[in-house]
Amino acid sequence: MVSRFGDALRTSALPLLAVRLTDEPLVVASVTACGYLPWLLFGLLGGALADRVDQRRAMWLVDTVRGVLVAGFALAVGLGHASVPLLIALAFSLTTLQTLFDNAATALLPSLVERGALGSANARLMTGQQLAGGLLAAPFVPLLLTAGAFTPFATDAGTYLVAAALVASLRIRPPEREPRAAGTTLRSEVGAGLRALGRDRVLRAVCLATLLCNIGMGALIATLALHVTRWLDAGDSGYVAAMTAYSAGSLAGGFVAQRITRRTGRVRALLYGCVLQTGSLLLIGSVRHVAALVAGMVLLGAITMVWNVNQVTLMQQRGPESMVGRIAAAFRTASVCGAPLGAFLGGAVAGLYGLNAPALLAAVLFASAVAALIPAREPDVSVVAPENGGATAHPGR
């Protein structure tokens, strides 16, 4: 949560700093793009490394390095030495390190809590991250910028170092791993993780559905400003209302995720939620009223949080313990691939068929995700028991 707060400060400040340094839209966009590119290049490799190393140590070392990098960048900004190449190098370096940190964090959580409590732990963690990064950080950016362009980055550096200290303070037993066979390479380990993902019918279906949903969300988000300001004629205030509604829905989803899952089971929670999201996208794309947009965004945000909680928990419960990092990497890489592809498709269909067309395209993609999830329904995907009821995971699954 501390680190996510700092990340939100930095990601908000980077584009603002970029537009001070250049008037070229393509150059400004490249700063954002370099924040995603490492996931495509190194995402699977980061998962393999996360399964090889001591995950706790990897996390605090990565955050220490990121803190030093951002502190150095803040110093450069404060001394007037900021440049676009430096911004791009920072964004690329931080995300490259994040490919190890995020996958290690996913793999580490089962060492901290019982398997039956993983769903609740993920829900609390993700809700806290959304609260810190989605709501609390936003008002601080303009306040910090009044003190100087370097202050959001200096604050972010501090949060990395605090986060590193918190992770380093954990006293846990590292998971037991079988010795690696002689001659085993990272490439072969990545392949083994992908094969493990492909063999599990549930995880395979959820990964495909995640990719389809992220393409749809990429199409919607990339064109949402045009949808709101031109198709709805709701102005900037309408756009702010839409994004606020999504954040509020995400927080609500975090609070109810486990209650929903206890009633339906994990895969059915994903399936039913995807049906609801399809309906919300149809509402957004067909009803020309701000109230419909806000209602649709609230529902999208809530179900997205329910989806994320159950997706991560399924990885941790169903994936082999020695491969959770690699399975998580495959999911995250699919997510990152989907967003830019969706943004391109959204822009294309908006130009061809109208500014509401991306929302309708997203509805079609979410409906396809529902179809992808149907084969994953099976009675032995456990319903979550109350936390004092113990783990409900099925042996060998």
# chains A, B, ... in the order shown; residues from 1 in each chain; ligands from 1
$ closest_atom_pairs --of "stretch 145-224 of chain A" --to "stretch 63-72 of chain A" --cutoff "6 Å" --atoms "only C-alpha atoms" --output "tab-separated table"
residue	atom	partner	partner_atom	distance
A:Ala154	CA	A:Ala71	CA	5.6
A:Ala157	CA	A:Gly67	CA	4.3
A:Tyr160	CA	A:Gly67	CA	4.9
A:Leu161	CA	A:Thr64	CA	5.6
A:Ala164	CA	A:Asp63	CA	5.3
$ residues_around --residues "A:Gly148" --least-positions-apart "2" --cutoff "12 Å" --atoms "only C-alpha atoms" --output "VMD selection string"
chain A and resid 13 17 74 to 75 77 to 80 141 to 146 150 to 155
$ write_last_selection --atoms "N, CA and C atoms" --output "mmCIF file, in the first residue's frame"
data_model
loop_
_atom_site.group_PDB
_atom_site.id
_atom_site.type_symbol
_atom_site.label_atom_id
_atom_site.label_comp_id
_atom_site.auth_asym_id
_atom_site.auth_seq_id
_atom_site.Cartn_x
_atom_site.Cartn_y
_atom_site.Cartn_z
ATOM 1 N N ALA A 13 2.875 12.387 -12.016
ATOM 2 C CA ALA A 13 3.806 13.499 -12.227
ATOM 3 C C ALA A 13 4.653 13.339 -13.488
ATOM 4 N N LEU A 17 5.633 16.283 -16.128
ATOM 5 C CA LEU A 17 7.017 16.705 -16.335
ATOM 6 C C LEU A 17 7.405 16.583 -17.808
ATOM 7 N N ALA A 74 14.925 12.268 -8.724
ATOM 8 C CA ALA A 74 14.419 13.461 -8.049
ATOM 9 C C ALA A 74 15.514 14.507 -7.898
ATOM 10 N N LEU A 75 16.722 14.060 -7.586
ATOM 11 C CA LEU A 75 17.844 14.986 -7.471
ATOM 12 C C LEU A 75 18.141 15.657 -8.815
ATOM 13 N N VAL A 77 16.026 16.178 -11.257
ATOM 14 C CA VAL A 77 14.955 17.142 -11.523
ATOM 15 C C VAL A 77 15.164 18.407 -10.700
ATOM 16 N N GLY A 78 15.497 18.235 -9.422
ATOM 17 C CA GLY A 78 15.705 19.387 -8.551
ATOM 18 C C GLY A 78 16.848 20.272 -8.999
ATOM 19 N N LEU A 79 17.866 19.677 -9.623
ATOM 20 C CA LEU A 79 19.031 20.440 -10.095
ATOM 21 C C LEU A 79 18.861 20.949 -11.523
ATOM 22 N N GLY A 80 17.691 20.658 -12.115
ATOM 23 C CA GLY A 80 17.418 21.151 -13.460
ATOM 24 C C GLY A 80 18.032 20.326 -14.567
ATOM 25 N N VAL A 141 -0.802 15.185 -5.505
ATOM 26 C CA VAL A 141 0.064 15.532 -6.628
ATOM 27 C C VAL A 141 0.160 17.041 -6.835
ATOM 28 N N PRO A 142 -0.986 17.771 -6.961
ATOM 29 C CA PRO A 142 -0.843 19.223 -7.146
ATOM 30 C C PRO A 142 -0.213 19.913 -5.941
ATOM 31 N N LEU A 143 -0.469 19.402 -4.736
ATOM 32 C CA LEU A 143 0.122 19.999 -3.537
ATOM 33 C C LEU A 143 1.640 19.837 -3.551
ATOM 34 N N LEU A 144 2.101 18.634 -3.913
ATOM 35 C CA LEU A 144 3.533 18.387 -3.943
ATOM 36 C C LEU A 144 4.206 19.184 -5.054
ATOM 37 N N LEU A 145 3.538 19.307 -6.188
ATOM 38 C CA LEU A 145 4.134 20.041 -7.308
ATOM 39 C C LEU A 145 4.330 21.515 -6.995
ATOM 40 N N THR A 146 3.492 22.053 -6.113
ATOM 41 C CA THR A 146 3.687 23.462 -5.738
ATOM 42 C C THR A 146 5.002 23.650 -4.991
ATOM 43 N N PHE A 150 10.355 18.186 -8.305
ATOM 44 C CA PHE A 150 11.053 16.990 -7.827
ATOM 45 C C PHE A 150 10.328 16.300 -6.672
ATOM 46 N N THR A 151 9.389 16.990 -6.011
ATOM 47 C CA THR A 151 8.836 16.454 -4.758
ATOM 48 C C THR A 151 8.022 15.165 -4.917
ATOM 49 N N PRO A 152 7.200 14.998 -5.990
ATOM 50 C CA PRO A 152 6.515 13.700 -6.108
ATOM 51 C C PRO A 152 7.487 12.539 -6.236
ATOM 52 N N PHE A 153 8.620 12.772 -6.916
ATOM 53 C CA PHE A 153 9.597 11.703 -7.109
ATOM 54 C C PHE A 153 10.380 11.438 -5.817
ATOM 55 N N ALA A 154 10.691 12.483 -5.085
ATOM 56 C CA ALA A 154 11.367 12.293 -3.804
ATOM 57 C C ALA A 154 10.467 11.527 -2.832
ATOM 58 N N THR A 155 9.169 11.854 -2.853
ATOM 59 C CA THR A 155 8.221 11.138 -1.993
ATOM 60 C C THR A 155 8.114 9.681 -2.404
#
$ residues_around --residues "A:Val190" --least-positions-apart "5" --cutoff "7 Å" --atoms "only C-alpha atoms" --output "ChimeraX atom specification"
/A:44-45,48,326
$ residues_around --residues "stretch 98-107 of chain A" --least-positions-apart "2" --cutoff "8 Å" --atoms "only C-alpha atoms" --output "list of chain:residue names"
A:Pro38, A:Trp39, A:Phe42, A:Gly43, A:Gly46, A:Gly47, A:Leu49, A:Ala50, A:Asp51, A:Gln55, A:Arg56, A:Ala58, A:Met59, A:Val62, A:Asp63, A:Leu94, A:Thr95, A:Thr96, A:Leu109, A:Pro110, A:Val312, A:Gln316, A:Glu321, A:Val324, A:Gly325, A:Arg326, A:Ala328, A:Ala329
$ write_last_selection --atoms "N, CA and C atoms" --output "PDB file, in the first residue's frame"
ATOM      1  N   PRO A  38       8.541  -3.308 -20.738  1.00  0.00           N
ATOM      2  CA  PRO A  38       9.278  -4.386 -20.058  1.00  0.00           C
ATOM      3  C   PRO A  38       8.428  -5.607 -19.743  1.00  0.00           C
ATOM      4  N   TRP A  39       7.112  -5.430 -19.539  1.00  0.00           N
ATOM      5  CA  TRP A  39       6.278  -6.603 -19.282  1.00  0.00           C
ATOM      6  C   TRP A  39       6.249  -7.517 -20.502  1.00  0.00           C
ATOM      7  N   PHE A  42      10.185  -8.847 -20.605  1.00  0.00           N
ATOM      8  CA  PHE A  42      10.779  -9.560 -19.467  1.00  0.00           C
ATOM      9  C   PHE A  42       9.756 -10.156 -18.499  1.00  0.00           C
ATOM     10  N   GLY A  43       8.461 -10.024 -18.791  1.00  0.00           N
ATOM     11  CA  GLY A  43       7.448 -10.473 -17.841  1.00  0.00           C
ATOM     12  C   GLY A  43       7.581 -11.937 -17.481  1.00  0.00           C
ATOM     13  N   GLY A  46      10.712 -12.558 -15.489  1.00  0.00           N
ATOM     14  CA  GLY A  46      10.549 -12.151 -14.098  1.00  0.00           C
ATOM     15  C   GLY A  46       9.835 -13.204 -13.277  1.00  0.00           C
ATOM     16  N   GLY A  47       8.856 -13.880 -13.891  1.00  0.00           N
ATOM     17  CA  GLY A  47       8.165 -14.958 -13.182  1.00  0.00           C
ATOM     18  C   GLY A  47       9.076 -16.134 -12.889  1.00  0.00           C
ATOM     19  N   LEU A  49      12.356 -16.020 -12.519  1.00  0.00           N
ATOM     20  CA  LEU A  49      13.274 -15.606 -11.453  1.00  0.00           C
ATOM     21  C   LEU A  49      12.577 -15.634 -10.096  1.00  0.00           C
ATOM     22  N   ALA A  50      11.309 -15.210 -10.070  1.00  0.00           N
ATOM     23  CA  ALA A  50      10.575 -15.189  -8.800  1.00  0.00           C
ATOM     24  C   ALA A  50      10.428 -16.585  -8.207  1.00  0.00           C
ATOM     25  N   ASP A  51      10.343 -17.603  -9.067  1.00  0.00           N
ATOM     26  CA  ASP A  51      10.243 -18.979  -8.575  1.00  0.00           C
ATOM     27  C   ASP A  51      11.594 -19.560  -8.186  1.00  0.00           C
ATOM     28  N   GLN A  55      11.844 -15.078  -2.292  1.00  0.00           N
ATOM     29  CA  GLN A  55      10.941 -14.019  -2.754  1.00  0.00           C
ATOM     30  C   GLN A  55      10.953 -12.802  -1.832  1.00  0.00           C
ATOM     31  N   ARG A  56      11.019 -13.032  -0.540  1.00  0.00           N
ATOM     32  CA  ARG A  56      11.052 -11.900   0.390  1.00  0.00           C
ATOM     33  C   ARG A  56      12.293 -11.053   0.141  1.00  0.00           C
ATOM     34  N   ALA A  58      14.113 -10.919  -2.574  1.00  0.00           N
ATOM     35  CA  ALA A  58      14.022 -10.277  -3.893  1.00  0.00           C
ATOM     36  C   ALA A  58      13.169  -9.015  -3.824  1.00  0.00           C
ATOM     37  N   MET A  59      12.065  -9.070  -3.070  1.00  0.00           N
ATOM     38  CA  MET A  59      11.158  -7.919  -3.004  1.00  0.00           C
ATOM     39  C   MET A  59      11.815  -6.722  -2.334  1.00  0.00           C
ATOM     40  N   VAL A  62      14.655  -5.321  -4.563  1.00  0.00           N
ATOM     41  CA  VAL A  62      14.117  -4.585  -5.710  1.00  0.00           C
ATOM     42  C   VAL A  62      13.608  -3.219  -5.279  1.00  0.00           C
ATOM     43  N   ASP A  63      12.868  -3.171  -4.174  1.00  0.00           N
ATOM     44  CA  ASP A  63      12.342  -1.881  -3.730  1.00  0.00           C
ATOM     45  C   ASP A  63      13.465  -0.939  -3.285  1.00  0.00           C
ATOM     46  N   LEU A  94      12.201   1.011 -13.912  1.00  0.00           N
ATOM     47  CA  LEU A  94      11.311   0.697 -12.798  1.00  0.00           C
ATOM     48  C   LEU A  94      10.367  -0.444 -13.140  1.00  0.00           C
ATOM     49  N   THR A  95       9.832  -0.442 -14.373  1.00  0.00           N
ATOM     50  CA  THR A  95       8.910  -1.512 -14.747  1.00  0.00           C
ATOM     51  C   THR A  95       9.643  -2.832 -14.934  1.00  0.00           C
ATOM     52  N   THR A  96      10.870  -2.786 -15.420  1.00  0.00           N
ATOM     53  CA  THR A  96      11.663  -4.015 -15.532  1.00  0.00           C
ATOM     54  C   THR A  96      11.833  -4.657 -14.151  1.00  0.00           C
ATOM     55  N   LEU A 109       2.742 -14.696  -0.992  1.00  0.00           N
ATOM     56  CA  LEU A 109       1.582 -14.601  -0.107  1.00  0.00           C
ATOM     57  C   LEU A 109       1.162 -15.936   0.502  1.00  0.00           C
ATOM     58  N   PRO A 110       1.186 -17.065  -0.239  1.00  0.00           N
ATOM     59  CA  PRO A 110       0.833 -18.335   0.396  1.00  0.00           C
ATOM     60  C   PRO A 110       1.747 -18.731   1.550  1.00  0.00           C
ATOM     61  N   VAL A 312      -6.197 -14.006  -8.928  1.00  0.00           N
ATOM     62  CA  VAL A 312      -4.925 -14.208  -8.235  1.00  0.00           C
ATOM     63  C   VAL A 312      -5.025 -15.382  -7.266  1.00  0.00           C
ATOM     64  N   GLN A 316      -2.821 -18.975  -6.997  1.00  0.00           N
ATOM     65  CA  GLN A 316      -2.098 -19.407  -5.798  1.00  0.00           C
ATOM     66  C   GLN A 316      -2.591 -20.745  -5.285  1.00  0.00           C
ATOM     67  N   GLU A 321       3.056 -25.000  -6.292  1.00  0.00           N
ATOM     68  CA  GLU A 321       3.695 -23.984  -5.453  1.00  0.00           C
ATOM     69  C   GLU A 321       4.997 -23.470  -6.058  1.00  0.00           C
ATOM     70  N   VAL A 324       4.081 -20.717  -9.087  1.00  0.00           N
ATOM     71  CA  VAL A 324       3.123 -19.613  -8.957  1.00  0.00           C
ATOM     72  C   VAL A 324       3.662 -18.340  -9.597  1.00  0.00           C
ATOM     73  N   GLY A 325       4.954 -18.068  -9.427  1.00  0.00           N
ATOM     74  CA  GLY A 325       5.532 -16.864 -10.021  1.00  0.00           C
ATOM     75  C   GLY A 325       5.419 -16.865 -11.531  1.00  0.00           C
ATOM     76  N   ARG A 326       5.686 -18.030 -12.154  1.00  0.00           N
ATOM     77  CA  ARG A 326       5.620 -18.108 -13.609  1.00  0.00           C
ATOM     78  C   ARG A 326       4.189 -18.029 -14.120  1.00  0.00           C
ATOM     79  N   ALA A 328       1.719 -16.455 -12.579  1.00  0.00           N
ATOM     80  CA  ALA A 328       1.340 -15.049 -12.406  1.00  0.00           C
ATOM     81  C   ALA A 328       1.927 -14.189 -13.513  1.00  0.00           C
ATOM     82  N   ALA A 329       3.153 -14.496 -13.922  1.00  0.00           N
ATOM     83  CA  ALA A 329       3.790 -13.727 -14.996  1.00  0.00           C
ATOM     84  C   ALA A 329       3.038 -13.884 -16.303  1.00  0.00           C
TER      85      ALA A 329
END
$ residues_around --residues "A:Met1" --least-positions-apart "3" --cutoff "12 Å" --atoms "only C-alpha atoms" --output "ChimeraX atom specification"
/A:4-8,124-137,159-160,162-164,166-167
$ write_last_selection --atoms "N, CA, C and O atoms" --output "mmCIF file, in the first residue's frame"
data_model
loop_
_atom_site.group_PDB
_atom_site.id
_atom_site.type_symbol
_atom_site.label_atom_id
_atom_site.label_comp_id
_atom_site.auth_asym_id
_atom_site.auth_seq_id
_atom_site.Cartn_x
_atom_site.Cartn_y
_atom_site.Cartn_z
ATOM 1 N N ARG A 4 2.354 1.544 -3.454
ATOM 2 C CA ARG A 4 1.352 1.931 -4.452
ATOM 3 C C ARG A 4 1.012 3.419 -4.356
ATOM 4 O O ARG A 4 0.781 4.076 -5.372
ATOM 5 N N PHE A 5 0.993 3.955 -3.147
ATOM 6 C CA PHE A 5 0.768 5.389 -2.960
ATOM 7 C C PHE A 5 1.859 6.187 -3.687
ATOM 8 O O PHE A 5 1.576 7.125 -4.439
ATOM 9 N N GLY A 6 3.122 5.792 -3.482
ATOM 10 C CA GLY A 6 4.220 6.484 -4.149
ATOM 11 C C GLY A 6 4.183 6.315 -5.656
ATOM 12 O O GLY A 6 4.457 7.257 -6.414
ATOM 13 N N ASP A 7 3.818 5.097 -6.121
ATOM 14 C CA ASP A 7 3.719 4.862 -7.562
ATOM 15 C C ASP A 7 2.700 5.799 -8.201
ATOM 16 O O ASP A 7 2.910 6.311 -9.300
ATOM 17 N N ALA A 8 1.565 5.983 -7.528
ATOM 18 C CA ALA A 8 0.519 6.855 -8.074
ATOM 19 C C ALA A 8 1.009 8.297 -8.183
ATOM 20 O O ALA A 8 0.671 9.003 -9.143
ATOM 21 N N ARG A 124 -8.160 -7.825 0.775
ATOM 22 C CA ARG A 124 -7.715 -6.721 1.628
ATOM 23 C C ARG A 124 -6.521 -5.996 1.012
ATOM 24 O O ARG A 124 -6.441 -4.764 1.042
ATOM 25 N N LEU A 125 -5.601 -6.774 0.465
ATOM 26 C CA LEU A 125 -4.414 -6.178 -0.149
ATOM 27 C C LEU A 125 -4.806 -5.299 -1.336
ATOM 28 O O LEU A 125 -4.361 -4.143 -1.454
ATOM 29 N N MET A 126 -5.649 -5.822 -2.225
ATOM 30 C CA MET A 126 -6.024 -5.067 -3.422
ATOM 31 C C MET A 126 -6.894 -3.864 -3.091
ATOM 32 O O MET A 126 -6.773 -2.801 -3.720
ATOM 33 N N THR A 127 -7.773 -4.008 -2.095
ATOM 34 C CA THR A 127 -8.596 -2.862 -1.687
ATOM 35 C C THR A 127 -7.717 -1.767 -1.103
ATOM 36 O O THR A 127 -7.901 -0.577 -1.391
ATOM 37 N N GLY A 128 -6.744 -2.155 -0.291
ATOM 38 C CA GLY A 128 -5.824 -1.171 0.267
ATOM 39 C C GLY A 128 -5.006 -0.480 -0.805
ATOM 40 O O GLY A 128 -4.790 0.741 -0.755
ATOM 41 N N GLN A 129 -4.560 -1.246 -1.805
ATOM 42 C CA GLN A 129 -3.800 -0.642 -2.898
ATOM 43 C C GLN A 129 -4.653 0.325 -3.700
ATOM 44 O O GLN A 129 -4.190 1.396 -4.103
ATOM 45 N N GLN A 130 -5.919 -0.043 -3.947
ATOM 46 C CA GLN A 130 -6.813 0.849 -4.679
ATOM 47 C C GLN A 130 -7.083 2.128 -3.890
ATOM 48 O O GLN A 130 -7.105 3.226 -4.443
ATOM 49 N N LEU A 131 -7.261 1.975 -2.584
ATOM 50 C CA LEU A 131 -7.496 3.145 -1.739
ATOM 51 C C LEU A 131 -6.282 4.064 -1.735
ATOM 52 O O LEU A 131 -6.404 5.289 -1.899
ATOM 53 N N ALA A 132 -5.092 3.474 -1.598
ATOM 54 C CA ALA A 132 -3.867 4.280 -1.532
ATOM 55 C C ALA A 132 -3.537 4.921 -2.868
ATOM 56 O O ALA A 132 -3.213 6.112 -2.943
ATOM 57 N N GLY A 133 -3.595 4.115 -3.937
ATOM 58 C CA GLY A 133 -3.189 4.615 -5.245
ATOM 59 C C GLY A 133 -4.285 5.307 -6.015
ATOM 60 O O GLY A 133 -4.027 6.229 -6.795
ATOM 61 N N GLY A 134 -5.536 4.862 -5.815
ATOM 62 C CA GLY A 134 -6.632 5.408 -6.604
ATOM 63 C C GLY A 134 -7.277 6.646 -6.025
ATOM 64 O O GLY A 134 -7.776 7.495 -6.768
ATOM 65 N N LEU A 135 -7.315 6.766 -4.705
ATOM 66 C CA LEU A 135 -8.025 7.885 -4.089
ATOM 67 C C LEU A 135 -7.125 8.799 -3.265
ATOM 68 O O LEU A 135 -7.172 10.016 -3.405
ATOM 69 N N LEU A 136 -6.283 8.227 -2.408
ATOM 70 C CA LEU A 136 -5.514 9.061 -1.483
ATOM 71 C C LEU A 136 -4.403 9.837 -2.178
ATOM 72 O O LEU A 136 -4.105 10.977 -1.804
ATOM 73 N N ALA A 137 -3.773 9.231 -3.197
ATOM 74 C CA ALA A 137 -2.619 9.885 -3.810
ATOM 75 C C ALA A 137 -3.002 11.075 -4.683
ATOM 76 O O ALA A 137 -2.251 12.055 -4.759
ATOM 77 N N THR A 159 8.771 6.170 -0.272
ATOM 78 C CA THR A 159 7.826 5.058 -0.092
ATOM 79 C C THR A 159 8.457 3.727 -0.472
ATOM 80 O O THR A 159 8.180 2.701 0.154
ATOM 81 N N TYR A 160 9.309 3.718 -1.501
ATOM 82 C CA TYR A 160 10.002 2.481 -1.865
ATOM 83 C C TYR A 160 10.875 1.990 -0.715
ATOM 84 O O TYR A 160 10.917 0.791 -0.400
ATOM 85 N N VAL A 162 10.606 2.711 2.512
ATOM 86 C CA VAL A 162 9.757 2.248 3.626
ATOM 87 C C VAL A 162 9.200 0.858 3.325
ATOM 88 O O VAL A 162 9.190 -0.038 4.185
ATOM 89 N N ALA A 163 8.727 0.671 2.077
ATOM 90 C CA ALA A 163 8.188 -0.632 1.690
ATOM 91 C C ALA A 163 9.255 -1.717 1.788
ATOM 92 O O ALA A 163 8.984 -2.838 2.236
ATOM 93 N N ALA A 164 10.482 -1.398 1.375
ATOM 94 C CA ALA A 164 11.577 -2.371 1.465
ATOM 95 C C ALA A 164 11.816 -2.781 2.920
ATOM 96 O O ALA A 164 12.006 -3.965 3.219
ATOM 97 N N LEU A 166 9.646 -2.723 5.371
ATOM 98 C CA LEU A 166 8.515 -3.521 5.848
ATOM 99 C C LEU A 166 8.628 -4.966 5.375
ATOM 100 O O LEU A 166 8.409 -5.905 6.140
ATOM 101 N N VAL A 167 8.978 -5.163 4.105
ATOM 102 C CA VAL A 167 9.109 -6.529 3.587
ATOM 103 C C VAL A 167 10.295 -7.240 4.242
ATOM 104 O O VAL A 167 10.212 -8.421 4.597
#
$ residues_around --residues "stretch 273-278 of chain A" --least-positions-apart "5" --cutoff "8 Å" --atoms "only C-alpha atoms" --output "VMD selection string"
chain A and resid 299 to 300 303 306 to 307 362 to 364 366 to 367 369 to 370
$ write_last_selection --atoms "N, CA and C atoms" --output "PDB file, in the first residue's frame"
ATOM      1  N   LEU A 299     -20.277  -0.384 -11.746  1.00  0.00           N
ATOM      2  CA  LEU A 299     -20.374  -1.840 -11.836  1.00  0.00           C
ATOM      3  C   LEU A 299     -19.104  -2.433 -12.434  1.00  0.00           C
ATOM      4  N   LEU A 300     -18.560  -1.773 -13.451  1.00  0.00           N
ATOM      5  CA  LEU A 300     -17.297  -2.252 -14.040  1.00  0.00           C
ATOM      6  C   LEU A 300     -16.189  -2.301 -12.995  1.00  0.00           C
ATOM      7  N   ILE A 303     -16.837  -5.189 -10.270  1.00  0.00           N
ATOM      8  CA  ILE A 303     -16.613  -6.548 -10.746  1.00  0.00           C
ATOM      9  C   ILE A 303     -15.156  -6.766 -11.128  1.00  0.00           C
ATOM     10  N   VAL A 306     -13.532  -7.824  -7.979  1.00  0.00           N
ATOM     11  CA  VAL A 306     -13.900  -9.212  -7.686  1.00  0.00           C
ATOM     12  C   VAL A 306     -13.127 -10.158  -8.595  1.00  0.00           C
ATOM     13  N   TRP A 307     -13.003  -9.776  -9.866  1.00  0.00           N
ATOM     14  CA  TRP A 307     -12.253 -10.590 -10.827  1.00  0.00           C
ATOM     15  C   TRP A 307     -10.794 -10.722 -10.397  1.00  0.00           C
ATOM     16  N   ALA A 362     -16.206  -3.543 -26.592  1.00  0.00           N
ATOM     17  CA  ALA A 362     -15.809  -4.136 -25.309  1.00  0.00           C
ATOM     18  C   ALA A 362     -16.862  -5.114 -24.815  1.00  0.00           C
ATOM     19  N   ALA A 363     -18.149  -4.792 -25.023  1.00  0.00           N
ATOM     20  CA  ALA A 363     -19.218  -5.706 -24.608  1.00  0.00           C
ATOM     21  C   ALA A 363     -19.116  -7.033 -25.354  1.00  0.00           C
ATOM     22  N   VAL A 364     -18.807  -6.977 -26.648  1.00  0.00           N
ATOM     23  CA  VAL A 364     -18.642  -8.208 -27.436  1.00  0.00           C
ATOM     24  C   VAL A 364     -17.472  -9.027 -26.901  1.00  0.00           C
ATOM     25  N   PHE A 366     -16.203  -8.971 -23.841  1.00  0.00           N
ATOM     26  CA  PHE A 366     -16.548  -9.524 -22.526  1.00  0.00           C
ATOM     27  C   PHE A 366     -17.494 -10.706 -22.680  1.00  0.00           C
ATOM     28  N   ALA A 367     -18.420 -10.641 -23.644  1.00  0.00           N
ATOM     29  CA  ALA A 367     -19.285 -11.786 -23.902  1.00  0.00           C
ATOM     30  C   ALA A 367     -18.467 -12.984 -24.376  1.00  0.00           C
ATOM     31  N   ALA A 369     -15.448 -13.537 -23.429  1.00  0.00           N
ATOM     32  CA  ALA A 369     -14.795 -14.025 -22.207  1.00  0.00           C
ATOM     33  C   ALA A 369     -15.734 -14.933 -21.417  1.00  0.00           C
ATOM     34  N   VAL A 370     -17.016 -14.597 -21.395  1.00  0.00           N
ATOM     35  CA  VAL A 370     -17.999 -15.475 -20.742  1.00  0.00           C
ATOM     36  C   VAL A 370     -17.971 -16.850 -21.392  1.00  0.00           C
TER      37      VAL A 370
END
$ atom_distance --atom1 "atom CA of A:Ala205" --atom2 "atom CA of A:Gln317"
15.5 Å
$ closest_residue --among "A:Val267, A:Ala376, A:Met243, A:Val2" --to "A:Asp200" --atoms "only C-alpha atoms"
A:Ala376
$ closest_residue --among "A:Ile284, A:Leu211, A:Met305, A:Leu345" --to "A:Gly249" --atoms "only C-alpha atoms"
A:Met305
